[in-house]
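Structure record follows, encoded as structure tokens.
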Number of protein chains: 2
Amino acid sequence: MTAPLLLPSRRLRRTPFSEGVERAGVKAYTVYNHMLLPRLFCSVEEDYRHLKTHVQLWDVSCERQVELRGPDAGRLMQMLTPRDLSAMVRGQCLYVPIDETGGMLNDPVAVKLAEDRYWISIADSDLLYWAKGIASGYRLDVLVDEPDISPLGVQGPKADALMARVFGEEVTKVRFFRFDWFDFQGRSLAVARSGYSRQGGFEIYVDGYETGMPLWDALMAAGADLDVHAGCPNLIERIEGGLLSYGNDMTRANTPHECGLGKFCNTDAAVGCIGRDALLRVAREGPIRQIRPLEIAGGPVPHCDAPWEVSAGGERVGQVTSAIWSPDFETNVAIGMIRKTHWAPGTELSVAAPDGTRPVTVREKFFI
Amino acid sequence: MTAPLLLPSRRLRRTPFSEGVERAGVKAYTVYNHMLLPRLFCSVEEDYRHLKTHVQLWDVSCERQVELRGPDAGRLMQMLTPRDLSAMVRGQCLYVPIDETGGMLNDPVAVKLAEDRYWISIADSDLLYWAKGIASGYRLDVLVDEPDISPLGVQGPKADALMARVFGEEVTKVRFFRFDWFDFQGRSLAVARSGYSRQGGFEIYVDGYETGMPLWDALMAAGADLDVHAGCPNLIERIEGGLLSYGNDMTRANTPHECGLGKFCNTDAAVGCIGRDALLRVAREGPIRQIRPLEIAGGPVPHCDAPWEVSAGGERVGQVTSAIWSPDFETNVAIGMIRKTHWAPGTELSVAAPDGTRPVTVREKFFI
């Protein structure tokens, strides 16, 4: 892979943790929600090994929040997603596909702060504009805005140990996809057991830009003997774990069902959801193509920055959208969208990688 | 300036011209509307000199289009902007601030294709989502989508000469901010006299991904003796010319009036505009801070990637958001937002640049 330079500008917003990230020697960025997201510190392989062994601080400020506040906040939240939110309780996080009319606009995590207050922790698209447009058009009594909240991920097997040292033992009792409030230097911060890895950990919703570096430094100091490093979402680990990336593995062209997110769509129950009607048929009949775990044969594949065509007997049957060599599984792990006719586990297909055609196998499950 | 690497991924979409851009040796990118935008070929100074002397091809595919199509297209277009569109004719382009409630969501160019069909050529935010939300909420009879249209800029003093060789002499008769249809290899393309420089030129709305490289190659071949180069929006030239950059010089926090775009707001006439009520007072009384042309004293300033505070007698009165050394004017040209109390031309203020405090002067006009 040859990576070009990124020209910095105010438009590519820096984060409350950028100083710490740069001090830690960030080598490459991406841009996500008009904000800098670190992508590389040592090497993808070293970052991966460290993530699976120790604990990392992730500057995921780019997971911007869309805040819904007011009497119609709950109503608007349900209008945005086909997932049934009627049983959602305060302190809960839910992964919610956002659909317009059979096309996903984002795949965020909704965070319920109160009956009349939600945060939506977004993937890479201005969901703020969709929520604002719906609130305006339907004349809802709700304020929709982007608050000054920047998530900091603490990920890896030693995350509980590190977090307990800064927030107290209580923090380790937070259940998966729940959050609670914890004090840091007189400031109450929402801390959720969540994150974009399969290694376990937390996301701290850091409230206020000025809280960023003191918290970063406190975690770094408290975790010195745990070998805490600056890190970031790791391409190998996320593909092994089947964590989807909006914009990479799916776009506005895909339904939630094509992304394997049908289990998060309660199309019958989600009354009020704007995209509901458009999803009724696909919910009953299932999609005709779907995201599948894939394994690509041969040595390490080149960097994947555009879809690679998948074919069977010369006929196009899908595409690979994420792929990389996995040191742990000693194969190329991949994510792709495959037609129903060819998605059965064990099916052998061909993929047109930039360095030549290779055999690719549909798997039953992701690797971790 | 130290520029980090940009890690490529499908999410940072490549364009129909990426192959040509890379062949031309692009050195740095930025990300704009989830797409790659070239930022540097030789050096900022060399690219600048060439732009002012010859002609360049700009891959501005990232100026994505939002297409409005259907009986309510015109109505929706007017709902989005406080600019009065009642006299807009087919074949016309208009710069339209998009406002929600006293906060700009984008500053695109609207292109009227027909009474029931518009393109909105957007700056860096998903205006598509706002337009979709409004269309849904107000139950308008209009389709809102992103078509497969990628603008290619042809900018510089020799732009007319080059364009005539590929599209015929007729193309040179297109007036400023008007467009017409021209044939290229059997395909009819909209060609507008517009672009993000003060050097003159065109933007070709390239319809269909596959048309991209044939057109790029045809222009390169036709312009060899005109010294045509691959180029991109140039930081020096745009600041000299006072071309604003959404996300850099202004954000959702600013009204159009603060950006000096009050002349594009016909708040009394723009009946139906959603943000109208919120702008009535500022339209009458004027803003309390506004974007101003600035000149910063001393040698070349460092790269500006975050706002620099502007003060008078120790009191904060504004900020610089774009600044760079101009070889032609032999000074640092800058754009900033300054409080009304201190914005009179000739006012001397201080700016906290990263390498120290410098005198800064408010100018009457931009440099070109």
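Following the order of the structure tokens, first chain is A, next is B, and so on, with residues numbered from 1 inside each chain and ligands from 1 in the order they appear.
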
Neighbouring residues of Cys304 in chain A were defined as those with any atom within 12 Å, considering only C-alpha atoms; residues of the same chain fewer than 2 positions away were excluded. Please report them as a PDB file with N, CA, C and O atoms, in the first residue's frame.
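Listing of result09.pdb after writing:
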ATOM      1  N   MET A   1       0.828  -1.203   0.000  1.00  0.00           N
ATOM      2  CA  MET A   1       0.000   0.000   0.000  1.00  0.00           C
ATOM      3  C   MET A   1       0.865   1.256   0.000  1.00  0.00           C
ATOM      4  O   MET A   1       1.777   1.395   0.794  1.00  0.00           O
ATOM      5  N   THR A   2       0.576   2.167  -0.922  1.00  0.00           N
ATOM      6  CA  THR A   2       1.214   3.467  -0.862  1.00  0.00           C
ATOM      7  C   THR A   2       0.175   4.461  -0.364  1.00  0.00           C
ATOM      8  O   THR A   2      -0.886   4.605  -0.954  1.00  0.00           O
ATOM      9  N   LEU A 235      -7.876  -2.779  11.619  1.00  0.00           N
ATOM     10  CA  LEU A 235      -8.491  -3.378  10.439  1.00  0.00           C
ATOM     11  C   LEU A 235      -8.523  -4.904  10.518  1.00  0.00           C
ATOM     12  O   LEU A 235      -9.521  -5.539  10.158  1.00  0.00           O
ATOM     13  N   ASN A 248     -17.787   1.465   3.963  1.00  0.00           N
ATOM     14  CA  ASN A 248     -16.918   0.428   3.408  1.00  0.00           C
ATOM     15  C   ASN A 248     -17.744  -0.802   3.027  1.00  0.00           C
ATOM     16  O   ASN A 248     -17.822  -1.160   1.862  1.00  0.00           O
ATOM     17  N   ASP A 249     -18.362  -1.438   4.020  1.00  0.00           N
ATOM     18  CA  ASP A 249     -19.050  -2.701   3.762  1.00  0.00           C
ATOM     19  C   ASP A 249     -20.474  -2.503   3.276  1.00  0.00           C
ATOM     20  O   ASP A 249     -21.053  -3.392   2.666  1.00  0.00           O
ATOM     21  N   PRO A 300      -0.664 -12.800   1.782  1.00  0.00           N
ATOM     22  CA  PRO A 300      -1.324 -11.538   2.123  1.00  0.00           C
ATOM     23  C   PRO A 300      -1.852 -10.785   0.902  1.00  0.00           C
ATOM     24  O   PRO A 300      -1.117 -10.578  -0.070  1.00  0.00           O
ATOM     25  N   VAL A 301      -3.124 -10.368   0.952  1.00  0.00           N
ATOM     26  CA  VAL A 301      -3.726  -9.585  -0.144  1.00  0.00           C
ATOM     27  C   VAL A 301      -3.235  -8.139  -0.071  1.00  0.00           C
ATOM     28  O   VAL A 301      -2.833  -7.673   0.988  1.00  0.00           O
ATOM     29  N   PRO A 302      -3.284  -7.423  -1.202  1.00  0.00           N
ATOM     30  CA  PRO A 302      -2.968  -5.989  -1.172  1.00  0.00           C
ATOM     31  C   PRO A 302      -4.025  -5.221  -0.364  1.00  0.00           C
ATOM     32  O   PRO A 302      -5.065  -5.775  -0.019  1.00  0.00           O
ATOM     33  N   ALA A 306     -11.174  -0.332  -2.671  1.00  0.00           N
ATOM     34  CA  ALA A 306     -12.290  -0.275  -3.618  1.00  0.00           C
ATOM     35  C   ALA A 306     -12.853  -1.692  -3.675  1.00  0.00           C
ATOM     36  O   ALA A 306     -12.148  -2.654  -3.366  1.00  0.00           O
ATOM     37  N   PRO A 307     -14.126  -1.857  -4.034  1.00  0.00           N
ATOM     38  CA  PRO A 307     -14.706  -3.205  -4.054  1.00  0.00           C
ATOM     39  C   PRO A 307     -13.996  -4.107  -5.064  1.00  0.00           C
ATOM     40  O   PRO A 307     -13.630  -3.656  -6.148  1.00  0.00           O
ATOM     41  N   TRP A 308     -13.779  -5.364  -4.667  1.00  0.00           N
ATOM     42  CA  TRP A 308     -13.204  -6.366  -5.564  1.00  0.00           C
ATOM     43  C   TRP A 308     -14.334  -7.298  -5.991  1.00  0.00           C
ATOM     44  O   TRP A 308     -15.023  -7.874  -5.153  1.00  0.00           O
ATOM     45  N   GLU A 309     -14.473  -7.485  -7.300  1.00  0.00           N
ATOM     46  CA  GLU A 309     -15.565  -8.309  -7.812  1.00  0.00           C
ATOM     47  C   GLU A 309     -15.397  -9.786  -7.451  1.00  0.00           C
ATOM     48  O   GLU A 309     -14.308 -10.345  -7.574  1.00  0.00           O
ATOM     49  N   GLN A 319     -19.186  -8.913  -4.147  1.00  0.00           N
ATOM     50  CA  GLN A 319     -17.965  -8.126  -4.056  1.00  0.00           C
ATOM     51  C   GLN A 319     -17.368  -8.231  -2.655  1.00  0.00           C
ATOM     52  O   GLN A 319     -18.077  -8.459  -1.672  1.00  0.00           O
ATOM     53  N   VAL A 320     -16.048  -8.086  -2.597  1.00  0.00           N
ATOM     54  CA  VAL A 320     -15.335  -7.993  -1.322  1.00  0.00           C
ATOM     55  C   VAL A 320     -15.125  -6.515  -1.044  1.00  0.00           C
ATOM     56  O   VAL A 320     -14.743  -5.758  -1.930  1.00  0.00           O
ATOM     57  N   THR A 321     -15.396  -6.080   0.203  1.00  0.00           N
ATOM     58  CA  THR A 321     -15.245  -4.661   0.531  1.00  0.00           C
ATOM     59  C   THR A 321     -14.210  -4.412   1.621  1.00  0.00           C
ATOM     60  O   THR A 321     -13.767  -3.276   1.794  1.00  0.00           O
ATOM     61  N   SER A 322     -13.846  -5.460   2.374  1.00  0.00           N
ATOM     62  CA  SER A 322     -12.794  -5.338   3.388  1.00  0.00           C
ATOM     63  C   SER A 322     -12.004  -6.636   3.378  1.00  0.00           C
ATOM     64  O   SER A 322     -12.619  -7.707   3.383  1.00  0.00           O
ATOM     65  N   ALA A 323     -10.689  -6.544   3.373  1.00  0.00           N
ATOM     66  CA  ALA A 323      -9.873  -7.764   3.348  1.00  0.00           C
ATOM     67  C   ALA A 323      -8.474  -7.443   3.836  1.00  0.00           C
ATOM     68  O   ALA A 323      -7.932  -6.370   3.534  1.00  0.00           O
ATOM     69  N   ILE A 324      -7.893  -8.383   4.602  1.00  0.00           N
ATOM     70  CA  ILE A 324      -6.517  -8.199   5.088  1.00  0.00           C
ATOM     71  C   ILE A 324      -5.993  -9.538   5.588  1.00  0.00           C
ATOM     72  O   ILE A 324      -6.777 -10.434   5.923  1.00  0.00           O
ATOM     73  N   TRP A 325      -4.685  -9.663   5.624  1.00  0.00           N
ATOM     74  CA  TRP A 325      -4.045 -10.866   6.146  1.00  0.00           C
ATOM     75  C   TRP A 325      -4.158 -10.894   7.664  1.00  0.00           C
ATOM     76  O   TRP A 325      -3.870  -9.898   8.334  1.00  0.00           O
ATOM     77  N   ASN A 332      -6.304 -14.830   4.714  1.00  0.00           N
ATOM     78  CA  ASN A 332      -6.873 -13.510   4.468  1.00  0.00           C
ATOM     79  C   ASN A 332      -8.327 -13.496   4.905  1.00  0.00           C
ATOM     80  O   ASN A 332      -9.152 -14.225   4.347  1.00  0.00           O
ATOM     81  N   VAL A 333      -8.627 -12.675   5.897  1.00  0.00           N
ATOM     82  CA  VAL A 333      -9.999 -12.548   6.390  1.00  0.00           C
ATOM     83  C   VAL A 333     -10.669 -11.439   5.585  1.00  0.00           C
ATOM     84  O   VAL A 333     -10.022 -10.463   5.205  1.00  0.00           O
ATOM     85  N   ALA A 334     -11.959 -11.611   5.321  1.00  0.00           N
ATOM     86  CA  ALA A 334     -12.614 -10.632   4.449  1.00  0.00           C
ATOM     87  C   ALA A 334     -14.103 -10.525   4.740  1.00  0.00           C
ATOM     88  O   ALA A 334     -14.708 -11.414   5.354  1.00  0.00           O
ATOM     89  N   ILE A 335     -14.666  -9.385   4.319  1.00  0.00           N
ATOM     90  CA  ILE A 335     -16.101  -9.134   4.402  1.00  0.00           C
ATOM     91  C   ILE A 335     -16.576  -8.786   3.004  1.00  0.00           C
ATOM     92  O   ILE A 335     -15.917  -8.016   2.298  1.00  0.00           O
ATOM     93  N   GLY A 336     -17.701  -9.360   2.592  1.00  0.00           N
ATOM     94  CA  GLY A 336     -18.217  -9.055   1.269  1.00  0.00           C
ATOM     95  C   GLY A 336     -19.717  -9.227   1.206  1.00  0.00           C
ATOM     96  O   GLY A 336     -20.337  -9.743   2.140  1.00  0.00           O
ATOM     97  N   ALA A 352     -11.518 -11.000  -7.753  1.00  0.00           N
ATOM     98  CA  ALA A 352     -10.542 -10.276  -8.569  1.00  0.00           C
ATOM     99  C   ALA A 352      -9.793  -9.276  -7.684  1.00  0.00           C
ATOM    100  O   ALA A 352     -10.162  -8.106  -7.599  1.00  0.00           O
ATOM    101  N   ALA A 353      -8.743  -9.749  -7.019  1.00  0.00           N
ATOM    102  CA  ALA A 353      -7.896  -8.855  -6.219  1.00  0.00           C
ATOM    103  C   ALA A 353      -6.994  -8.084  -7.185  1.00  0.00           C
ATOM    104  O   ALA A 353      -6.802  -8.516  -8.328  1.00  0.00           O
ATOM    105  N   PRO A 354      -6.460  -6.935  -6.757  1.00  0.00           N
ATOM    106  CA  PRO A 354      -5.634  -6.140  -7.675  1.00  0.00           C
ATOM    107  C   PRO A 354      -4.400  -6.898  -8.176  1.00  0.00           C
ATOM    108  O   PRO A 354      -3.889  -6.604  -9.246  1.00  0.00           O
ATOM    109  N   ASP A 355      -3.933  -7.914  -7.417  1.00  0.00           N
ATOM    110  CA  ASP A 355      -2.744  -8.655  -7.850  1.00  0.00           C
ATOM    111  C   ASP A 355      -3.089  -9.975  -8.523  1.00  0.00           C
ATOM    112  O   ASP A 355      -2.232 -10.838  -8.677  1.00  0.00           O
TER     113      ASP A 355
ATOM    114  N   LEU B   7      -4.777   6.962   5.273  1.00  0.00           N
ATOM    115  CA  LEU B   7      -4.982   5.552   4.976  1.00  0.00           C
ATOM    116  C   LEU B   7      -6.191   5.398   4.043  1.00  0.00           C
ATOM    117  O   LEU B   7      -7.298   5.755   4.422  1.00  0.00           O
ATOM    118  N   PRO B   8      -5.976   4.899   2.826  1.00  0.00           N
ATOM    119  CA  PRO B   8      -7.104   4.794   1.883  1.00  0.00           C
ATOM    120  C   PRO B   8      -8.099   3.719   2.307  1.00  0.00           C
ATOM    121  O   PRO B   8      -7.741   2.741   2.961  1.00  0.00           O
ATOM    122  N   SER B   9      -9.356   3.904   1.958  1.00  0.00           N
ATOM    123  CA  SER B   9     -10.382   2.877   2.157  1.00  0.00           C
ATOM    124  C   SER B   9     -11.530   3.177   1.207  1.00  0.00           C
ATOM    125  O   SER B   9     -11.632   4.280   0.672  1.00  0.00           O
ATOM    126  N   ARG B  10     -12.393   2.199   1.002  1.00  0.00           N
ATOM    127  CA  ARG B  10     -13.522   2.405   0.095  1.00  0.00           C
ATOM    128  C   ARG B  10     -14.397   3.564   0.554  1.00  0.00           C
ATOM    129  O   ARG B  10     -14.992   4.278  -0.251  1.00  0.00           O
ATOM    130  N   ARG B  11     -14.480   3.754   1.887  1.00  0.00           N
ATOM    131  CA  ARG B  11     -15.306   4.815   2.469  1.00  0.00           C
ATOM    132  C   ARG B  11     -14.871   6.193   1.980  1.00  0.00           C
ATOM    133  O   ARG B  11     -15.683   7.105   1.856  1.00  0.00           O
ATOM    134  N   LEU B  12     -13.574   6.364   1.728  1.00  0.00           N
ATOM    135  CA  LEU B  12     -13.049   7.600   1.136  1.00  0.00           C
ATOM    136  C   LEU B  12     -13.060   7.374  -0.374  1.00  0.00           C
ATOM    137  O   LEU B  12     -12.066   6.968  -0.974  1.00  0.00           O
TER     138      LEU B  12
END

Item to check | Residues of chain B within 8 Å of chain A, only C-alpha atoms counted, as number ranges by chain | outcome: B: 3-14, 26-31, 39, 125-127, 129-138, 246-248, 304-307, 321

Those in range 51-244 of chain A with strand (DSSP E or B) from DSSP, as a compact mmCIF listing (two decimals) with N, CA and C atoms, in the first residue's frame:
# COMPACT_ATOMS: atom_id res chain seq x y z
N GLN A 56 -5.64 -0.29 25.11
CA GLN A 56 -5.35 0.88 24.27
C GLN A 56 -6.37 2.00 24.52
N LEU A 57 -5.90 3.24 24.35
CA LEU A 57 -6.80 4.39 24.33
C LEU A 57 -7.06 4.74 22.88
N TRP A 58 -8.33 4.82 22.54
CA TRP A 58 -8.73 5.13 21.16
C TRP A 58 -9.40 6.50 21.10
N ASP A 59 -8.84 7.39 20.29
CA ASP A 59 -9.49 8.67 20.04
C ASP A 59 -10.57 8.46 18.97
N GLN A 65 -21.95 12.77 18.39
CA GLN A 65 -23.29 12.53 18.91
C GLN A 65 -24.32 13.43 18.23
N VAL A 66 -25.47 12.86 17.96
CA VAL A 66 -26.64 13.67 17.61
C VAL A 66 -27.52 13.64 18.84
N GLU A 67 -27.74 14.78 19.45
CA GLU A 67 -28.57 14.81 20.66
C GLU A 67 -30.01 15.16 20.31
N LEU A 68 -30.95 14.35 20.83
CA LEU A 68 -32.39 14.63 20.69
C LEU A 68 -32.88 15.00 22.09
N ARG A 69 -33.51 16.16 22.21
CA ARG A 69 -33.90 16.61 23.54
C ARG A 69 -35.26 17.29 23.46
N GLN A 92 -29.35 2.45 28.74
CA GLN A 92 -29.13 1.40 27.74
C GLN A 92 -28.59 1.98 26.43
N CYS A 93 -27.77 1.18 25.74
CA CYS A 93 -27.29 1.52 24.40
C CYS A 93 -27.86 0.48 23.44
N LEU A 94 -28.27 0.88 22.27
CA LEU A 94 -28.78 -0.07 21.28
C LEU A 94 -28.21 0.28 19.91
N TYR A 95 -27.76 -0.75 19.21
CA TYR A 95 -27.30 -0.59 17.82
C TYR A 95 -28.54 -0.45 16.96
N ILE A 98 -30.37 2.88 10.70
CA ILE A 98 -31.21 4.03 10.33
C ILE A 98 -31.55 3.88 8.87
N ASP A 99 -32.83 3.86 8.59
CA ASP A 99 -33.24 3.59 7.23
C ASP A 99 -34.17 4.67 6.73
N MET A 104 -29.83 2.32 3.92
CA MET A 104 -29.32 2.72 5.23
C MET A 104 -28.62 4.07 5.16
N LEU A 105 -28.95 4.95 6.08
CA LEU A 105 -28.34 6.28 6.14
C LEU A 105 -27.20 6.33 7.15
N ASN A 106 -27.15 5.34 8.05
CA ASN A 106 -26.14 5.31 9.10
C ASN A 106 -26.41 4.06 9.91
N VAL A 109 -25.15 3.85 17.32
CA VAL A 109 -25.59 3.33 18.60
C VAL A 109 -26.43 4.42 19.28
N ALA A 110 -27.67 4.07 19.63
CA ALA A 110 -28.51 5.02 20.37
C ALA A 110 -28.26 4.85 21.86
N VAL A 111 -28.19 5.96 22.56
CA VAL A 111 -27.90 5.98 24.00
C VAL A 111 -29.06 6.72 24.66
N LYS A 112 -29.77 6.03 25.55
CA LYS A 112 -30.93 6.68 26.18
C LYS A 112 -30.53 7.28 27.51
N LEU A 113 -30.50 8.61 27.57
CA LEU A 113 -30.09 9.31 28.78
C LEU A 113 -31.28 9.53 29.70
N ALA A 114 -32.44 9.77 29.11
CA ALA A 114 -33.66 10.04 29.88
C ALA A 114 -34.82 9.82 28.92
N ARG A 117 -34.45 12.43 26.34
CA ARG A 117 -33.10 12.81 25.91
C ARG A 117 -32.31 11.59 25.44
N TYR A 118 -31.82 11.67 24.20
CA TYR A 118 -31.03 10.58 23.60
C TYR A 118 -29.76 11.17 22.98
N TRP A 119 -28.71 10.34 22.97
CA TRP A 119 -27.59 10.61 22.08
C TRP A 119 -27.60 9.52 21.02
N ILE A 120 -27.23 9.90 19.80
CA ILE A 120 -27.04 8.91 18.75
C ILE A 120 -25.57 9.01 18.36
N SER A 121 -24.83 7.94 18.60
CA SER A 121 -23.38 7.92 18.39
C SER A 121 -23.14 7.39 16.98
N LEU A 143 -35.30 19.35 20.20
CA LEU A 143 -34.09 20.02 19.75
C LEU A 143 -33.13 18.96 19.23
N VAL A 144 -32.53 19.21 18.08
CA VAL A 144 -31.60 18.26 17.48
C VAL A 144 -30.29 18.99 17.28
N ASP A 145 -29.23 18.53 17.93
CA ASP A 145 -27.95 19.22 17.78
C ASP A 145 -26.77 18.30 18.03
N ILE A 149 -19.42 16.43 22.80
CA ILE A 149 -19.15 15.12 23.41
C ILE A 149 -18.21 14.37 22.49
N SER A 150 -17.10 13.88 23.04
CA SER A 150 -16.10 13.14 22.25
C SER A 150 -15.80 11.81 22.91
N PRO A 151 -16.24 10.71 22.30
CA PRO A 151 -15.97 9.40 22.91
C PRO A 151 -14.48 9.04 22.91
N LEU A 152 -14.04 8.48 24.02
CA LEU A 152 -12.69 7.93 24.14
C LEU A 152 -12.84 6.44 24.40
N GLY A 153 -12.30 5.62 23.51
CA GLY A 153 -12.39 4.18 23.69
C GLY A 153 -11.26 3.68 24.58
N VAL A 154 -11.57 2.72 25.45
CA VAL A 154 -10.55 2.01 26.24
C VAL A 154 -10.79 0.54 25.92
N GLN A 155 -9.94 -0.04 25.08
CA GLN A 155 -10.21 -1.36 24.51
C GLN A 155 -9.04 -2.31 24.75
N PHE A 176 -22.68 -5.09 29.47
CA PHE A 176 -22.48 -4.86 28.03
C PHE A 176 -23.61 -4.02 27.45
N ARG A 178 -24.57 -1.18 28.31
CA ARG A 178 -25.21 -0.30 29.28
C ARG A 178 -24.20 0.78 29.61
N PHE A 179 -24.70 1.87 30.19
CA PHE A 179 -23.76 2.89 30.65
C PHE A 179 -24.21 3.40 32.01
N ASP A 180 -23.27 4.02 32.72
CA ASP A 180 -23.61 4.68 33.97
C ASP A 180 -22.73 5.93 34.08
N TRP A 181 -22.98 6.72 35.09
CA TRP A 181 -22.27 7.99 35.24
C TRP A 181 -21.15 7.85 36.25
N PHE A 182 -19.97 8.36 35.92
CA PHE A 182 -18.81 8.27 36.80
C PHE A 182 -18.11 9.61 36.85
N ASP A 183 -17.54 9.88 38.01
CA ASP A 183 -16.90 11.17 38.22
C ASP A 183 -15.45 11.17 37.75
N PHE A 184 -15.06 12.23 37.06
CA PHE A 184 -13.65 12.45 36.76
C PHE A 184 -13.34 13.93 37.02
N ARG A 187 -16.29 16.12 37.22
CA ARG A 187 -17.18 16.12 36.06
C ARG A 187 -17.82 14.74 35.93
N SER A 188 -19.11 14.69 35.70
CA SER A 188 -19.81 13.42 35.59
C SER A 188 -19.84 12.98 34.12
N LEU A 189 -19.23 11.82 33.85
CA LEU A 189 -19.12 11.35 32.46
C LEU A 189 -19.87 10.03 32.29
N ALA A 190 -20.57 9.89 31.19
CA ALA A 190 -21.22 8.62 30.86
C ALA A 190 -20.16 7.64 30.38
N VAL A 191 -20.14 6.44 31.00
CA VAL A 191 -19.18 5.40 30.60
C VAL A 191 -19.97 4.16 30.21
N ALA A 192 -19.80 3.71 28.98
CA ALA A 192 -20.53 2.54 28.48
C ALA A 192 -19.58 1.38 28.27
N ARG A 193 -20.09 0.16 28.47
CA ARG A 193 -19.30 -1.01 28.10
C ARG A 193 -19.64 -1.31 26.64
N GLY A 201 -14.12 -3.79 26.55
CA GLY A 201 -13.70 -2.46 26.93
C GLY A 201 -14.84 -1.48 27.07
N PHE A 202 -14.48 -0.22 27.09
CA PHE A 202 -15.43 0.85 27.42
C PHE A 202 -15.33 1.98 26.40
N GLU A 203 -16.39 2.79 26.39
CA GLU A 203 -16.34 4.08 25.71
C GLU A 203 -16.76 5.15 26.71
N ILE A 204 -15.90 6.14 26.87
CA ILE A 204 -16.17 7.24 27.79
C ILE A 204 -16.68 8.41 26.95
N TYR A 205 -17.87 8.88 27.24
CA TYR A 205 -18.44 10.01 26.51
C TYR A 205 -17.92 11.29 27.16
N VAL A 206 -16.80 11.78 26.66
CA VAL A 206 -16.10 12.89 27.29
C VAL A 206 -16.84 14.20 26.96
N ASP A 207 -17.33 14.81 28.01
CA ASP A 207 -18.18 16.00 27.91
C ASP A 207 -17.31 17.24 28.09
N HIS A 229 -1.24 1.78 25.53
CA HIS A 229 -0.76 2.51 24.35
C HIS A 229 -1.91 3.30 23.73
N ALA A 230 -1.55 4.32 22.96
CA ALA A 230 -2.53 4.90 22.05
C ALA A 230 -2.80 3.88 20.96
N GLY A 231 -4.05 3.72 20.60
CA GLY A 231 -4.41 2.77 19.54
C GLY A 231 -5.57 3.32 18.74

Checklist entry - Where in range 165-291 of chain A does DSSP assign alpha helix (DSSP H), given as a count of residues only? => result 30

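Across the structure, CA of Leu37 in chain B and CA of Asp160 in chain B are spaced 23.8 Å apart.
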
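Using only C-alpha atoms, the nearest neighbour of Gln199 in chain A within the list A:Thr211, A:His54, A:Arg75, A:Arg289 is A:His54.
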
Item to check | B:Phe167, B:Gly275, B:Val96, B:Gly314 ranked by distance to Ala218 in chain B, top pick (using only C-alpha atoms) | outcome: B:Phe167

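Nearest to Leu51 in chain B of all the residues B:Asn234, B:Gln290, B:Asn266, B:Thr357 is B:Asn234, counting only C-alpha atoms.
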
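Note that CA of Val362 in chain A and CA of Pro256 in chain A are 20.0 Å apart.
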
Next on the checklist: Just the number, please: distance in Å from CA of Gly298 in chain B to CA of Val310 in chain B, one decimal.
Outcome noted: 15.7 Å

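Using only C-alpha atoms, the nearest neighbour of Asp84 in chain B within the list B:His257, B:Arg252, B:Arg276, B:Arg198 is B:Arg276.
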